[in-house]
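Enquirer: Hey, dropping model_17.cif in here, mmCIF, C-alpha atoms, pLDDT in the B column; chains and numbers go by the auth columns:
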```cif
data_final
#
loop_
_atom_site.group_PDB
_atom_site.id
_atom_site.type_symbol
_atom_site.label_atom_id
_atom_site.label_comp_id
_atom_site.label_asym_id
_atom_site.label_seq_id
_atom_site.Cartn_x
_atom_site.Cartn_y
_atom_site.Cartn_z
_atom_site.B_iso_or_equiv
_atom_site.auth_seq_id
_atom_site.auth_asym_id
ATOM 1 C CA MET A 1 0.000 0.000 0.000 83.00 1 A
ATOM 2 C CA GLU A 2 1.395 3.364 -0.986 87.00 2 A
ATOM 3 C CA ALA A 3 1.674 5.973 1.771 88.00 3 A
ATOM 4 C CA PHE A 4 0.526 9.517 1.070 91.00 4 A
ATOM 5 C CA PRO A 5 2.202 12.734 2.276 92.00 5 A
ATOM 6 C CA TRP A 6 -0.589 13.592 4.723 92.00 6 A
ATOM 7 C CA TRP A 7 -0.345 10.264 6.544 96.00 7 A
ATOM 8 C CA SER A 8 1.001 10.326 10.062 96.00 8 A
ATOM 9 C CA SER A 9 3.557 7.777 11.237 96.00 9 A
ATOM 10 C CA ARG A 10 0.649 5.910 12.887 97.00 10 A
ATOM 11 C CA HIS A 11 -1.133 5.671 9.520 97.00 11 A
ATOM 12 C CA VAL A 12 2.010 4.259 7.921 97.00 12 A
ATOM 13 C CA GLU A 13 2.427 1.708 10.734 97.00 13 A
ATOM 14 C CA LEU A 14 -1.218 0.665 10.433 97.00 14 A
ATOM 15 C CA ALA A 15 -0.902 0.186 6.665 97.00 15 A
ATOM 16 C CA LYS A 16 2.208 -1.947 7.095 97.00 16 A
ATOM 17 C CA GLU A 17 0.575 -4.064 9.811 97.00 17 A
ATOM 18 C CA ILE A 18 -2.554 -4.699 7.722 96.00 18 A
ATOM 19 C CA GLU A 19 -0.553 -5.438 4.592 96.00 19 A
ATOM 20 C CA GLU A 20 1.503 -8.041 6.463 97.00 20 A
ATOM 21 C CA TYR A 21 -1.660 -9.578 7.915 96.00 21 A
ATOM 22 C CA ALA A 22 -3.321 -9.745 4.490 95.00 22 A
ATOM 23 C CA ASP A 23 -0.200 -11.297 2.946 95.00 23 A
ATOM 24 C CA GLU A 24 -0.234 -13.965 5.629 96.00 24 A
ATOM 25 C CA HIS A 25 -3.952 -14.781 5.370 96.00 25 A
ATOM 26 C CA VAL A 26 -4.998 -14.126 1.763 94.00 26 A
ATOM 27 C CA HIS A 27 -4.897 -17.835 0.845 93.00 27 A
ATOM 28 C CA GLU A 28 -7.074 -18.699 3.831 92.00 28 A
ATOM 29 C CA ALA A 29 -9.639 -16.076 2.755 91.00 29 A
ATOM 30 C CA VAL A 30 -9.669 -17.353 -0.836 89.00 30 A
ATOM 31 C CA LYS A 31 -10.140 -20.957 0.336 92.00 31 A
ATOM 32 C CA ALA A 32 -13.106 -19.862 2.457 87.00 32 A
ATOM 33 C CA LEU A 33 -14.633 -18.113 -0.559 84.00 33 A
ATOM 34 C CA TRP A 34 -14.333 -21.214 -2.735 89.00 34 A
ATOM 35 C CA ARG A 35 -15.826 -23.347 0.025 90.00 35 A
ATOM 36 C CA ARG A 36 -18.650 -20.824 0.464 88.00 36 A
ATOM 37 C CA LYS A 37 -17.806 -20.428 4.138 88.00 37 A
ATOM 38 C CA TYR A 38 -17.340 -17.114 5.843 85.00 38 A
ATOM 39 C CA PRO A 39 -13.883 -16.847 7.470 89.00 39 A
ATOM 40 C CA LEU A 40 -15.123 -15.908 10.943 88.00 40 A
ATOM 41 C CA GLU A 41 -11.767 -16.744 12.525 92.00 41 A
ATOM 42 C CA LEU A 42 -10.120 -14.042 10.373 93.00 42 A
ATOM 43 C CA LEU A 43 -12.811 -11.546 11.317 92.00 43 A
ATOM 44 C CA ASP A 44 -12.361 -12.380 15.014 93.00 44 A
ATOM 45 C CA GLU A 45 -8.608 -11.767 14.744 95.00 45 A
ATOM 46 C CA ILE A 46 -9.146 -8.443 12.983 95.00 46 A
ATOM 47 C CA CYS A 47 -11.514 -7.391 15.764 94.00 47 A
ATOM 48 C CA LYS A 48 -8.953 -8.361 18.431 95.00 48 A
ATOM 49 C CA ARG A 49 -6.347 -6.225 16.688 96.00 49 A
ATOM 50 C CA GLY A 50 -8.596 -3.174 17.156 96.00 50 A
ATOM 51 C CA TRP A 51 -8.825 -2.252 13.490 97.00 51 A
ATOM 52 C CA PHE A 52 -12.579 -1.666 13.756 96.00 52 A
ATOM 53 C CA GLY A 53 -11.588 1.305 15.901 96.00 53 A
ATOM 54 C CA ALA A 54 -9.544 3.111 13.217 96.00 54 A
ATOM 55 C CA LEU A 55 -12.282 5.693 12.577 96.00 55 A
ATOM 56 C CA ILE A 56 -13.323 6.026 16.219 97.00 56 A
ATOM 57 C CA PRO A 57 -11.709 8.674 18.470 97.00 57 A
ATOM 58 C CA GLU A 58 -9.420 7.463 21.241 97.00 58 A
ATOM 59 C CA GLU A 59 -11.782 8.835 23.899 97.00 59 A
ATOM 60 C CA TYR A 60 -14.249 6.119 22.853 97.00 60 A
ATOM 61 C CA GLY A 61 -11.679 3.332 22.722 97.00 61 A
ATOM 62 C CA GLY A 62 -10.726 3.691 19.076 97.00 62 A
ATOM 63 C CA LEU A 63 -7.420 4.241 17.353 97.00 63 A
ATOM 64 C CA GLY A 64 -8.294 7.859 16.551 96.00 64 A
ATOM 65 C CA LEU A 65 -6.977 7.685 12.992 97.00 65 A
ATOM 66 C CA GLY A 66 -10.077 9.212 11.391 94.00 66 A
ATOM 67 C CA ALA A 67 -11.341 8.667 7.875 93.00 67 A
ATOM 68 C CA THR A 68 -7.810 8.155 6.567 96.00 68 A
ATOM 69 C CA GLY A 69 -7.212 5.329 9.041 96.00 69 A
ATOM 70 C CA SER A 70 -10.543 3.779 8.195 95.00 70 A
ATOM 71 C CA CYS A 71 -9.746 3.884 4.477 95.00 71 A
ATOM 72 C CA ILE A 72 -6.340 2.305 5.123 97.00 72 A
ATOM 73 C CA VAL A 73 -8.056 -0.568 6.930 96.00 73 A
ATOM 74 C CA ALA A 74 -10.676 -0.932 4.184 95.00 74 A
ATOM 75 C CA GLU A 75 -8.049 -1.033 1.432 95.00 75 A
ATOM 76 C CA GLY A 76 -5.857 -3.489 3.314 95.00 76 A
ATOM 77 C CA LEU A 77 -8.737 -5.796 4.138 95.00 77 A
ATOM 78 C CA SER A 78 -10.038 -5.699 0.569 94.00 78 A
ATOM 79 C CA ARG A 79 -7.477 -8.365 -0.272 92.00 79 A
ATOM 80 C CA LEU A 80 -9.340 -10.682 2.111 92.00 80 A
ATOM 81 C CA GLY A 81 -12.641 -10.489 0.217 87.00 81 A
ATOM 82 C CA THR A 82 -15.809 -10.455 2.254 86.00 82 A
ATOM 83 C CA ILE A 83 -13.951 -9.407 5.417 87.00 83 A
ATOM 84 C CA ALA A 84 -13.646 -5.929 3.896 90.00 84 A
ATOM 85 C CA HIS A 85 -17.389 -5.789 3.267 89.00 85 A
ATOM 86 C CA VAL A 86 -18.182 -6.400 6.927 91.00 86 A
ATOM 87 C CA TYR A 87 -15.721 -3.702 7.942 92.00 87 A
ATOM 88 C CA THR A 88 -16.847 -1.036 5.465 92.00 88 A
ATOM 89 C CA THR A 89 -20.528 -1.738 6.063 91.00 89 A
ATOM 90 C CA THR A 90 -19.984 -1.310 9.804 91.00 90 A
ATOM 91 C CA MET A 91 -18.165 1.981 9.264 90.00 91 A
ATOM 92 C CA PHE A 92 -20.667 3.400 6.771 84.00 92 A
ATOM 93 C CA GLY A 93 -23.719 1.640 8.185 80.00 93 A
ATOM 94 C CA GLY A 94 -23.923 3.460 11.483 83.00 94 A
ATOM 95 C CA THR A 95 -20.531 4.262 12.982 92.00 95 A
ATOM 96 C CA GLU A 96 -20.046 7.500 11.063 89.00 96 A
ATOM 97 C CA GLN A 97 -23.651 8.521 11.799 90.00 97 A
ATOM 98 C CA ILE A 98 -23.240 7.891 15.533 94.00 98 A
ATOM 99 C CA MET A 99 -20.038 9.928 15.549 93.00 99 A
ATOM 100 C CA LEU A 100 -21.608 12.847 13.666 93.00 100 A
ATOM 101 C CA PHE A 101 -25.142 12.907 15.056 95.00 101 A
ATOM 102 C CA GLY A 102 -25.167 10.761 18.199 95.00 102 A
ATOM 103 C CA THR A 103 -25.575 12.130 21.685 96.00 103 A
ATOM 104 C CA ARG A 104 -22.705 11.758 24.157 97.00 104 A
ATOM 105 C CA GLU A 105 -24.649 8.911 25.785 97.00 105 A
ATOM 106 C CA GLN A 106 -25.069 7.096 22.442 96.00 106 A
ATOM 107 C CA LYS A 107 -21.382 7.515 21.609 97.00 107 A
ATOM 108 C CA GLU A 108 -20.352 6.149 25.017 97.00 108 A
ATOM 109 C CA ARG A 109 -22.749 3.222 24.632 96.00 109 A
ATOM 110 C CA TRP A 110 -21.952 2.140 21.066 96.00 110 A
ATOM 111 C CA LEU A 111 -18.552 3.373 19.885 97.00 111 A
ATOM 112 C CA PRO A 112 -16.318 1.457 22.337 97.00 112 A
ATOM 113 C CA ARG A 113 -18.089 -1.801 21.453 96.00 113 A
ATOM 114 C CA ILE A 114 -17.735 -1.110 17.726 96.00 114 A
ATOM 115 C CA ALA A 115 -14.050 -0.239 18.222 96.00 115 A
ATOM 116 C CA ARG A 116 -13.484 -3.595 19.917 96.00 116 A
ATOM 117 C CA GLY A 117 -15.294 -5.360 17.068 93.00 117 A
ATOM 118 C CA GLU A 118 -18.061 -6.585 19.369 94.00 118 A
ATOM 119 C CA LEU A 119 -20.745 -4.954 17.225 92.00 119 A
ATOM 120 C CA LYS A 120 -21.015 -5.049 13.442 92.00 120 A
ATOM 121 C CA GLY A 121 -23.286 -2.760 11.447 90.00 121 A
ATOM 122 C CA ALA A 122 -25.715 -3.210 8.575 88.00 122 A
ATOM 123 C CA ILE A 123 -26.978 -0.935 5.828 87.00 123 A
ATOM 124 C CA VAL A 124 -30.752 -1.042 5.622 86.00 124 A
ATOM 125 C CA ILE A 125 -31.695 1.260 2.749 86.00 125 A
ATOM 126 C CA THR A 126 -32.984 -0.872 -0.113 87.00 126 A
ATOM 127 C CA GLU A 127 -36.771 -1.109 -0.414 88.00 127 A
ATOM 128 C CA PRO A 128 -38.923 -3.031 -2.896 87.00 128 A
ATOM 129 C CA TYR A 129 -40.203 0.021 -4.804 83.00 129 A
ATOM 130 C CA PHE A 130 -37.323 2.468 -4.445 81.00 130 A
ATOM 131 C CA GLY A 131 -34.157 0.392 -4.537 82.00 131 A
ATOM 132 C CA SER A 132 -31.369 2.238 -2.735 82.00 132 A
ATOM 133 C CA ASP A 133 -32.829 5.730 -3.238 85.00 133 A
ATOM 134 C CA ALA A 134 -32.550 7.050 0.311 83.00 134 A
ATOM 135 C CA ALA A 135 -34.775 10.036 -0.553 87.00 135 A
ATOM 136 C CA GLY A 136 -37.593 7.701 -1.618 87.00 136 A
ATOM 137 C CA ILE A 137 -37.651 5.519 1.469 87.00 137 A
ATOM 138 C CA GLU A 138 -41.148 4.786 2.734 90.00 138 A
ATOM 139 C CA THR A 139 -40.193 3.046 5.987 91.00 139 A
ATOM 140 C CA VAL A 140 -41.026 5.216 8.999 91.00 140 A
ATOM 141 C CA ALA A 141 -40.388 5.116 12.718 91.00 141 A
ATOM 142 C CA VAL A 142 -43.147 6.475 14.960 96.00 142 A
ATOM 143 C CA ARG A 143 -42.551 7.083 18.637 95.00 143 A
ATOM 144 C CA GLU A 144 -45.022 5.310 20.904 96.00 144 A
ATOM 145 C CA GLY A 145 -44.180 5.999 24.526 96.00 145 A
ATOM 146 C CA ASP A 146 -40.580 4.995 25.196 95.00 146 A
ATOM 147 C CA GLU A 147 -40.261 2.991 21.974 95.00 147 A
ATOM 148 C CA TYR A 148 -40.254 3.476 18.241 93.00 148 A
ATOM 149 C CA VAL A 149 -42.452 1.338 16.014 95.00 149 A
ATOM 150 C CA ILE A 150 -40.913 0.824 12.579 92.00 150 A
ATOM 151 C CA THR A 151 -43.234 0.193 9.644 93.00 151 A
ATOM 152 C CA GLY A 152 -42.004 -0.619 6.163 91.00 152 A
ATOM 153 C CA LYS A 153 -40.330 -3.228 3.984 89.00 153 A
ATOM 154 C CA LYS A 154 -36.647 -3.710 3.372 86.00 154 A
ATOM 155 C CA ARG A 155 -34.747 -5.789 0.865 84.00 155 A
ATOM 156 C CA PHE A 156 -31.078 -6.644 0.379 85.00 156 A
ATOM 157 C CA ILE A 157 -29.798 -5.700 3.821 85.00 157 A
ATOM 158 C CA THR A 158 -26.002 -5.598 3.662 84.00 158 A
ATOM 159 C CA ASN A 159 -24.514 -7.655 6.537 84.00 159 A
ATOM 160 C CA ALA A 160 -27.915 -9.091 7.481 83.00 160 A
ATOM 161 C CA GLY A 161 -27.470 -12.058 9.747 83.00 161 A
ATOM 162 C CA LEU A 162 -24.028 -10.971 10.906 85.00 162 A
ATOM 163 C CA ALA A 163 -24.797 -7.459 12.093 88.00 163 A
ATOM 164 C CA ASP A 164 -25.738 -6.311 15.567 87.00 164 A
ATOM 165 C CA LEU A 165 -26.710 -2.744 14.623 86.00 165 A
ATOM 166 C CA TYR A 166 -29.167 -2.089 11.785 83.00 166 A
#
```
So that I can check it, write out the structure of this file as structure tokens.

Expert:
Amino acid sequence: MEAFPWWSSRHVELAKEIEEYADEHVHEAVKALWRRKYPLELLDEICKRGWFGALIPEEYGGLGLGATGSCIVAEGLSRLGTIAHVYTTTMFGGTEQIMLFGTREQKERWLPRIARGELKGAIVITEPYFGSDAAGIETVAVREGDEYVITGKKRFITNAGLADLY
């Protein structure tokens, strides 16, 4: 992976670490793909290494490497096939939104667990009549007391079955 001038020394170290990991495990990931089995053991190891915390600030248990760090992880993991999809979906399917729009309480509740890889995210946009047009979504959430009741139909949920946050 080529380093860019704006990368910090921590970004460079992260890229090197991920590249070495991918080199070591790429054959294992390819074998899993051909056997139609998800390489959960690789995902577990990636979570233990803390790479799911690249985007997340250090105050919430992350690596604090921002969008650049997250992109470094995504590029490095892309060599391991579906592992990269779980990572990028988690980052774009809720983590960024919690960081930008979440309350302090929500950030304290969710971000440390995402950083540790305990929670994976899903993207739940696609609907039968509107595809992935977020502006056309018909699903609604209506507050009833202390809960929200969600009404609508979804289709093609990315990371469905593996995710903890939708």

Enquirer: Neighbours of segment 136-144 of chain A within 9 Å (only C-alpha atoms; same-chain residues fewer than 5 positions away dropped), as a ChimeraX atom specification?

Expert: /A:125-127,129-131,149-154

Enquirer: Since I can't run it myself right now, could you work out what the PyMOL selection byres ((chain A and resi 22-38) around 7) selects here and report it as a VMD selection string?

Expert: chain A and resid 18 to 21 39 to 40 76 to 77 79 to 81

Enquirer: Step by step, work through what the PyMOL selection byres ((chain A and resi 115) around 10) selects in the shown file, and finish by giving those residues as a PDB file with C-alpha atoms, keeping the file's coordinate frame.

Expert:
```
ATOM      1  CA  CYS A  47     -11.514  -7.391  15.764  1.00 94.00           C
ATOM      2  CA  LYS A  48      -8.953  -8.361  18.431  1.00 95.00           C
ATOM      3  CA  ARG A  49      -6.347  -6.225  16.688  1.00 96.00           C
ATOM      4  CA  GLY A  50      -8.596  -3.174  17.156  1.00 96.00           C
ATOM      5  CA  TRP A  51      -8.825  -2.252  13.490  1.00 97.00           C
ATOM      6  CA  PHE A  52     -12.579  -1.666  13.756  1.00 96.00           C
ATOM      7  CA  GLY A  53     -11.588   1.305  15.901  1.00 96.00           C
ATOM      8  CA  ALA A  54      -9.544   3.111  13.217  1.00 96.00           C
ATOM      9  CA  LEU A  55     -12.282   5.693  12.577  1.00 96.00           C
ATOM     10  CA  ILE A  56     -13.323   6.026  16.219  1.00 97.00           C
ATOM     11  CA  PRO A  57     -11.709   8.674  18.470  1.00 97.00           C
ATOM     12  CA  GLU A  58      -9.420   7.463  21.241  1.00 97.00           C
ATOM     13  CA  TYR A  60     -14.249   6.119  22.853  1.00 97.00           C
ATOM     14  CA  GLY A  61     -11.679   3.332  22.722  1.00 97.00           C
ATOM     15  CA  GLY A  62     -10.726   3.691  19.076  1.00 97.00           C
ATOM     16  CA  LEU A  63      -7.420   4.241  17.353  1.00 97.00           C
ATOM     17  CA  THR A  95     -20.531   4.262  12.982  1.00 92.00           C
ATOM     18  CA  TRP A 110     -21.952   2.140  21.066  1.00 96.00           C
ATOM     19  CA  LEU A 111     -18.552   3.373  19.885  1.00 97.00           C
ATOM     20  CA  PRO A 112     -16.318   1.457  22.337  1.00 97.00           C
ATOM     21  CA  ARG A 113     -18.089  -1.801  21.453  1.00 96.00           C
ATOM     22  CA  ILE A 114     -17.735  -1.110  17.726  1.00 96.00           C
ATOM     23  CA  ARG A 116     -13.484  -3.595  19.917  1.00 96.00           C
ATOM     24  CA  GLY A 117     -15.294  -5.360  17.068  1.00 93.00           C
ATOM     25  CA  GLU A 118     -18.061  -6.585  19.369  1.00 94.00           C
ATOM     26  CA  LEU A 119     -20.745  -4.954  17.225  1.00 92.00           C
ATOM     27  CA  LYS A 120     -21.015  -5.049  13.442  1.00 92.00           C
TER      28      LYS A 120
END
```

Enquirer: Around segment 95-104 of chain A, with edges along x, y and z and 6 Å added on all six sides, what centre and edge lengths do you get, in Å to one decimal, as AutoDock Vina command-line options?

Expert:
```
--center_x -22.8 --center_y 8.6 --center_z 17.6 --size_x 17.5 --size_y 20.6 --size_z 25.1
```

Enquirer: Using all atoms listed in the file, which of the listed residues (A:Thr90, A:Phe101, A:Ala15, A:Pro128) sits closest to Val73 of chain A?

Expert: A:Ala15

Enquirer: Please enumerate the residues selected by the PyMOL selection byres ((chain A and resi 157) around 6) when evaluated against the supplied file, formatted as a PDB file with C-alpha atoms, keeping the file's coordinate frame.

Expert:
```pdb
ATOM      1  CA  ILE A 123     -26.978  -0.935   5.828  1.00 87.00           C
ATOM      2  CA  VAL A 124     -30.752  -1.042   5.622  1.00 86.00           C
ATOM      3  CA  ARG A 155     -34.747  -5.789   0.865  1.00 84.00           C
ATOM      4  CA  PHE A 156     -31.078  -6.644   0.379  1.00 85.00           C
ATOM      5  CA  THR A 158     -26.002  -5.598   3.662  1.00 84.00           C
ATOM      6  CA  ALA A 160     -27.915  -9.091   7.481  1.00 83.00           C
TER       7      ALA A 160
END
```

Enquirer: Could you please determine the separation between atom CA of Thr88 of chain A and atom CA of Ala74 of chain A in Å, to one decimal place?

Expert: 6.3 Å

Enquirer: Using Å and a single decimal, report how far atom CA of Leu65 of chain A sits from atom CA of Met91 of chain A.

Expert: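 Interatomic distance here is 13.1 Å.
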
Enquirer: Let me make sure I understand: among A:Gly161, A:Gly94, A:Pro5, A:Gly121, which one has the smallest atom-to-atom distance to Thr68 of chain A if we use only C-alpha atoms?

Expert: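 Once distances to Thr68 of chain A are computed over only C-alpha atoms, the minimum belongs to A:Pro5.
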
Enquirer: Which of these residues is nearest to Gly69 of chain A, using all atoms listed in the file: A:Ser132, A:Gly145, A:Arg10, A:Phe4?

Expert: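 Between A:Ser132, A:Gly145, A:Arg10, A:Phe4, the residue approaching Gly69 of chain A most closely is A:Arg10.
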
Enquirer: Using atom CA of Ile83 of chain A and atom CA of Leu42 of chain A as the two end points, give the distance in Å to one decimal.

Expert: 7.8 Å

Enquirer: Which residue out of A:Ala67, A:Glu59, A:Asp44, A:Ala84 has the minimum interatomic distance to His11 of chain A when only C-alpha atoms are used?

Expert: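 Going through A:Ala67, A:Glu59, A:Asp44, A:Ala84 one by one, the smallest distance to His11 of chain A is for A:Ala67.
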
Enquirer: Nearest to Glu75 of chain A among A:Ala134, A:Ala3, A:Ala122, A:Leu100, with distances taken over all atoms listed in the file: which residue is it?

Expert: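 Residue with the minimum atom-to-atom distance to Glu75 of chain A: A:Ala3.
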